[in-house]
file start-v1.pdb (PDB, C-alpha atoms, pLDDT in the B column)
ATOM      1  CA  MET A   3      84.068  93.078  90.755  1.00 94.00           C
ATOM      2  CA  LYS A   4      87.167  93.560  92.896  1.00 96.00           C
ATOM      3  CA  LEU A   5      89.881  95.966  91.777  1.00 97.00           C
ATOM      4  CA  MET A   6      93.083  97.253  93.341  1.00 98.00           C
ATOM      5  CA  VAL A   7      93.201 101.051  92.960  1.00 97.00           C
ATOM      6  CA  ASN A   8      96.304 102.877  94.207  1.00 97.00           C
ATOM      7  CA  GLY A   9      97.046 100.024  96.590  1.00 96.00           C
ATOM      8  CA  GLU A  10      93.518  99.824  98.057  1.00 97.00           C
ATOM      9  CA  GLN A  11      91.004  97.123  97.257  1.00 97.00           C
ATOM     10  CA  ARG A  12      87.723  98.434  95.820  1.00 95.00           C
ATOM     11  CA  THR A  13      84.539  96.689  94.859  1.00 94.00           C
ATOM     12  CA  ARG A  14      82.295  97.931  92.072  1.00 91.00           C
ATOM     13  CA  GLU A  15      79.105  96.606  90.565  1.00 89.00           C
ATOM     14  CA  GLY A  16      79.385  95.288  87.033  1.00 85.00           C
ATOM     15  CA  GLN A  17      82.277  95.888  84.703  1.00 85.00           C
ATOM     16  CA  GLY A  18      82.509  99.265  83.018  1.00 94.00           C
ATOM     17  CA  THR A  19      85.405 101.148  81.559  1.00 96.00           C
ATOM     18  CA  LEU A  20      88.383 102.927  82.980  1.00 96.00           C
ATOM     19  CA  ALA A  21      86.685 106.235  82.095  1.00 95.00           C
ATOM     20  CA  ASP A  22      83.673 105.163  84.213  1.00 95.00           C
ATOM     21  CA  LEU A  23      85.939 104.461  87.182  1.00 95.00           C
ATOM     22  CA  LEU A  24      87.729 107.800  86.832  1.00 95.00           C
ATOM     23  CA  ARG A  25      84.349 109.598  86.853  1.00 94.00           C
ATOM     24  CA  GLU A  26      83.287 107.651  89.963  1.00 94.00           C
ATOM     25  CA  LEU A  27      86.519 108.646  91.693  1.00 94.00           C
ATOM     26  CA  ARG A  28      86.122 112.264  90.521  1.00 93.00           C
ATOM     27  CA  ALA A  29      89.609 112.196  89.034  1.00 90.00           C
ATOM     28  CA  PRO A  30      90.469 115.490  87.325  1.00 81.00           C
ATOM     29  CA  GLU A  31      89.785 114.694  83.678  1.00 72.00           C
ATOM     30  CA  GLY A  32      92.773 115.337  81.442  1.00 81.00           C
ATOM     31  CA  HIS A  33      95.130 115.662  84.398  1.00 89.00           C
ATOM     32  CA  VAL A  34      95.819 112.040  85.291  1.00 94.00           C
ATOM     33  CA  ALA A  35      98.052 109.232  84.112  1.00 96.00           C
ATOM     34  CA  VAL A  36      96.884 105.648  84.533  1.00 97.00           C
ATOM     35  CA  ILE A  37      98.885 102.447  84.820  1.00 98.00           C
ATOM     36  CA  LEU A  38      96.740  99.349  84.304  1.00 98.00           C
ATOM     37  CA  ASN A  39      98.340  96.038  85.258  1.00 98.00           C
ATOM     38  CA  GLY A  40     101.809  97.512  84.758  1.00 97.00           C
ATOM     39  CA  THR A  41     101.102  99.220  81.422  1.00 97.00           C
ATOM     40  CA  VAL A  42     100.808 103.000  81.001  1.00 97.00           C
ATOM     41  CA  LEU A  43      97.644 103.780  79.047  1.00 96.00           C
ATOM     42  CA  ARG A  44      97.185 106.618  76.592  1.00 94.00           C
ATOM     43  CA  ARG A  45      94.385 108.975  77.599  1.00 93.00           C
ATOM     44  CA  ASP A  46      92.445 108.274  74.393  1.00 94.00           C
ATOM     45  CA  ARG A  47      92.139 104.604  75.465  1.00 95.00           C
ATOM     46  CA  PHE A  48      90.370 105.322  78.803  1.00 95.00           C
ATOM     47  CA  VAL A  49      86.893 105.195  77.204  1.00 95.00           C
ATOM     48  CA  GLU A  50      87.449 101.867  75.439  1.00 96.00           C
ATOM     49  CA  THR A  51      89.412 100.067  78.168  1.00 97.00           C
ATOM     50  CA  GLN A  52      87.143  97.557  79.908  1.00 97.00           C
ATOM     51  CA  LEU A  53      87.927  96.762  83.520  1.00 97.00           C
ATOM     52  CA  ASN A  54      88.234  93.148  84.641  1.00 96.00           C
ATOM     53  CA  GLU A  55      88.178  91.336  87.964  1.00 96.00           C
ATOM     54  CA  HIS A  56      91.407  91.839  89.935  1.00 97.00           C
ATOM     55  CA  ASP A  57      92.808  94.590  87.691  1.00 97.00           C
ATOM     56  CA  ASN A  58      95.555  96.618  89.360  1.00 98.00           C
ATOM     57  CA  ILE A  59      95.139 100.332  88.618  1.00 98.00           C
ATOM     58  CA  GLU A  60      97.443 103.179  89.599  1.00 98.00           C
ATOM     59  CA  ILE A  61      96.084 106.694  89.066  1.00 96.00           C
ATOM     60  CA  ILE A  62      98.565 109.548  89.185  1.00 94.00           C
ATOM     61  CA  ALA A  63      97.185 113.094  89.320  1.00 88.00           C
ATOM     62  CA  PHE A  64      99.329 115.962  88.073  1.00 82.00           C
ATOM     63  CA  ALA A  65      99.684 118.978  90.318  1.00 75.00           C
ATOM     64  CA  GLY A  66     100.960 122.381  89.358  1.00 70.00           C
ATOM     65  CA  GLY A  67     102.751 124.781  91.544  1.00 66.00           C
ATOM     66  CA  GLY A  68     105.410 127.294  91.565  1.00 61.00           C
TER      67      GLY A  68
END
call {"tool": "encode", "arguments": {"input": "start-v1.pdb", "output": "structure tokens"}}
result
Amino acid sequence: MKLMVNGEQRTREGQGTLADLLRELRAPEGHVAVILNGTVLRRDRFVETQLNEHDNIEIIAFAGGG
């Protein structure tokens, strides 16, 4: 399946969920926001959100500092 992730095309085997993709990318769990096809998703929906061919995903990681 082909996906667009943060402006870069990626290919993954099979479907899977958004949570699966975040684990594959080693995204810091609990510290990211995700926009899927123009819609901001609530964190509690990551596990149930199935990915589909040509989905456009933007992952934004929060950074602290001071």
call {"tool": "closest_residue", "arguments": {"input": "start-v1.pdb", "among": "A:Ala21, A:Leu5, A:Val49, A:Ile59", "to": "A:Val36", "atoms": "all atoms listed in the file"}}
result
A:Ile59
call {"tool": "residues_around", "arguments": {"input": "start-v1.pdb", "residues": "A:Met6", "least_positions_apart": "6", "cutoff": "9 Å", "atoms": "only C-alpha atoms", "output": "PyMOL selection string"}}
result
chain A and resi 12-13+56-60
call {"tool": "residues_around", "arguments": {"input": "start-v1.pdb", "residues": "stretch 28-33 of chain A", "least_positions_apart": "4", "cutoff": "7 Å", "atoms": "all atoms listed in the file", "output": "list of chain:residue names"}}
result
A:Leu24, A:Ala63, A:Phe64
call {"tool": "closest_residue", "arguments": {"input": "start-v1.pdb", "among": "A:Ile61, A:Glu26, A:Phe48, A:Leu43", "to": "A:Arg14", "atoms": "only C-alpha atoms"}}
result
A:Glu26
call {"tool": "axis_aligned_box", "arguments": {"input": "start-v1.pdb", "around": "stretch 11-28 of chain A", "padding_each_side": "4 Å", "output": "lines of an AutoDock Vina configuration file"}}
result
center_x = 85.1
center_y = 103.8
center_z = 89.4
size_x = 19.9
size_y = 25.0
size_z = 23.7
call {"tool": "residues_around", "arguments": {"input": "start-v1.pdb", "residues": "A:Glu50", "least_positions_apart": "5", "cutoff": "10 Å", "atoms": "all atoms listed in the file", "output": "PyMOL selection string"}}
result
chain A and resi 18-21
call {"tool": "atom_distance", "arguments": {"input": "start-v1.pdb", "atom1": "atom CA of A:Ile37", "atom2": "atom CA of A:Gln17"}}
result
17.9 Å
call {"tool": "closest_residue", "arguments": {"input": "start-v1.pdb", "among": "A:Gln52, A:Asn8, A:Arg45, A:Asn39", "to": "A:Leu27", "atoms": "only C-alpha atoms"}}
result
A:Asn8
call {"tool": "closest_residue", "arguments": {"input": "start-v1.pdb", "among": "A:Val34, A:Arg47, A:Glu55, A:Arg25", "to": "A:Gln11", "atoms": "all atoms listed in the file"}}
result
A:Glu55
call {"tool": "closest_residue", "arguments": {"input": "start-v1.pdb", "among": "A:Val42, A:Met3, A:Ala35, A:Leu23", "to": "A:Ala65", "atoms": "all atoms listed in the file"}}
result
A:Ala35
call {"tool": "decode", "arguments": {"input": "start-v1.pdb", "residues": "stretch 16-62 of chain A", "atoms": "C-alpha atoms", "output": "short mmCIF file (atom, residue, chain, number, x, y, z; two decimals), in the first residue's frame"}}
result
data_model
loop_
_atom_site.label_atom_id
_atom_site.label_comp_id
_atom_site.auth_asym_id
_atom_site.auth_seq_id
_atom_site.Cartn_x
_atom_site.Cartn_y
_atom_site.Cartn_z
CA GLY A 16 -0.82 -4.90 4.00
CA GLN A 17 -3.14 -2.43 5.65
CA GLY A 18 -2.86 -2.00 9.40
CA THR A 19 -3.81 0.83 11.67
CA LEU A 20 -2.44 4.26 12.33
CA ALA A 21 -1.08 2.96 15.65
CA ASP A 22 0.85 0.27 13.72
CA LEU A 23 2.40 2.91 11.47
CA LEU A 24 3.38 5.10 14.43
CA ARG A 25 5.13 2.11 16.05
CA GLU A 26 6.96 1.36 12.78
CA LEU A 27 8.12 4.97 12.60
CA ARG A 28 9.09 4.93 16.30
CA ALA A 29 6.98 8.02 16.91
CA PRO A 30 7.04 9.04 20.58
CA GLU A 31 3.79 7.57 21.87
CA GLY A 32 1.55 10.15 23.50
CA HIS A 33 3.59 13.04 22.13
CA VAL A 34 2.32 13.32 18.57
CA ALA A 35 -0.63 14.83 16.75
CA VAL A 36 -1.82 13.22 13.53
CA ILE A 37 -3.70 14.71 10.60
CA LEU A 38 -5.19 12.06 8.32
CA ASN A 39 -6.47 13.27 4.96
CA GLY A 40 -6.97 16.77 6.36
CA THR A 41 -8.69 15.73 9.60
CA VAL A 42 -7.04 15.95 13.03
CA LEU A 43 -7.49 12.64 14.84
CA ARG A 44 -7.96 12.17 18.56
CA ARG A 45 -5.25 10.01 20.11
CA ASP A 46 -7.79 7.42 21.29
CA ARG A 47 -8.70 6.75 17.62
CA PHE A 48 -5.15 5.77 16.51
CA VAL A 49 -5.70 2.08 17.37
CA GLU A 50 -8.99 1.77 15.47
CA THR A 51 -8.12 3.91 12.43
CA GLN A 52 -7.42 1.65 9.46
CA LEU A 53 -5.03 2.96 6.84
CA ASN A 54 -6.02 2.91 3.17
CA GLU A 55 -4.18 3.19 -0.13
CA HIS A 56 -3.08 6.77 -0.85
CA ASP A 57 -3.87 8.14 2.62
CA ASN A 58 -2.12 11.43 3.36
CA ILE A 59 -0.74 11.46 6.91
CA GLU A 60 0.97 14.32 8.73
CA ILE A 61 2.65 13.45 12.03
CA ILE A 62 3.60 16.32 14.30
#
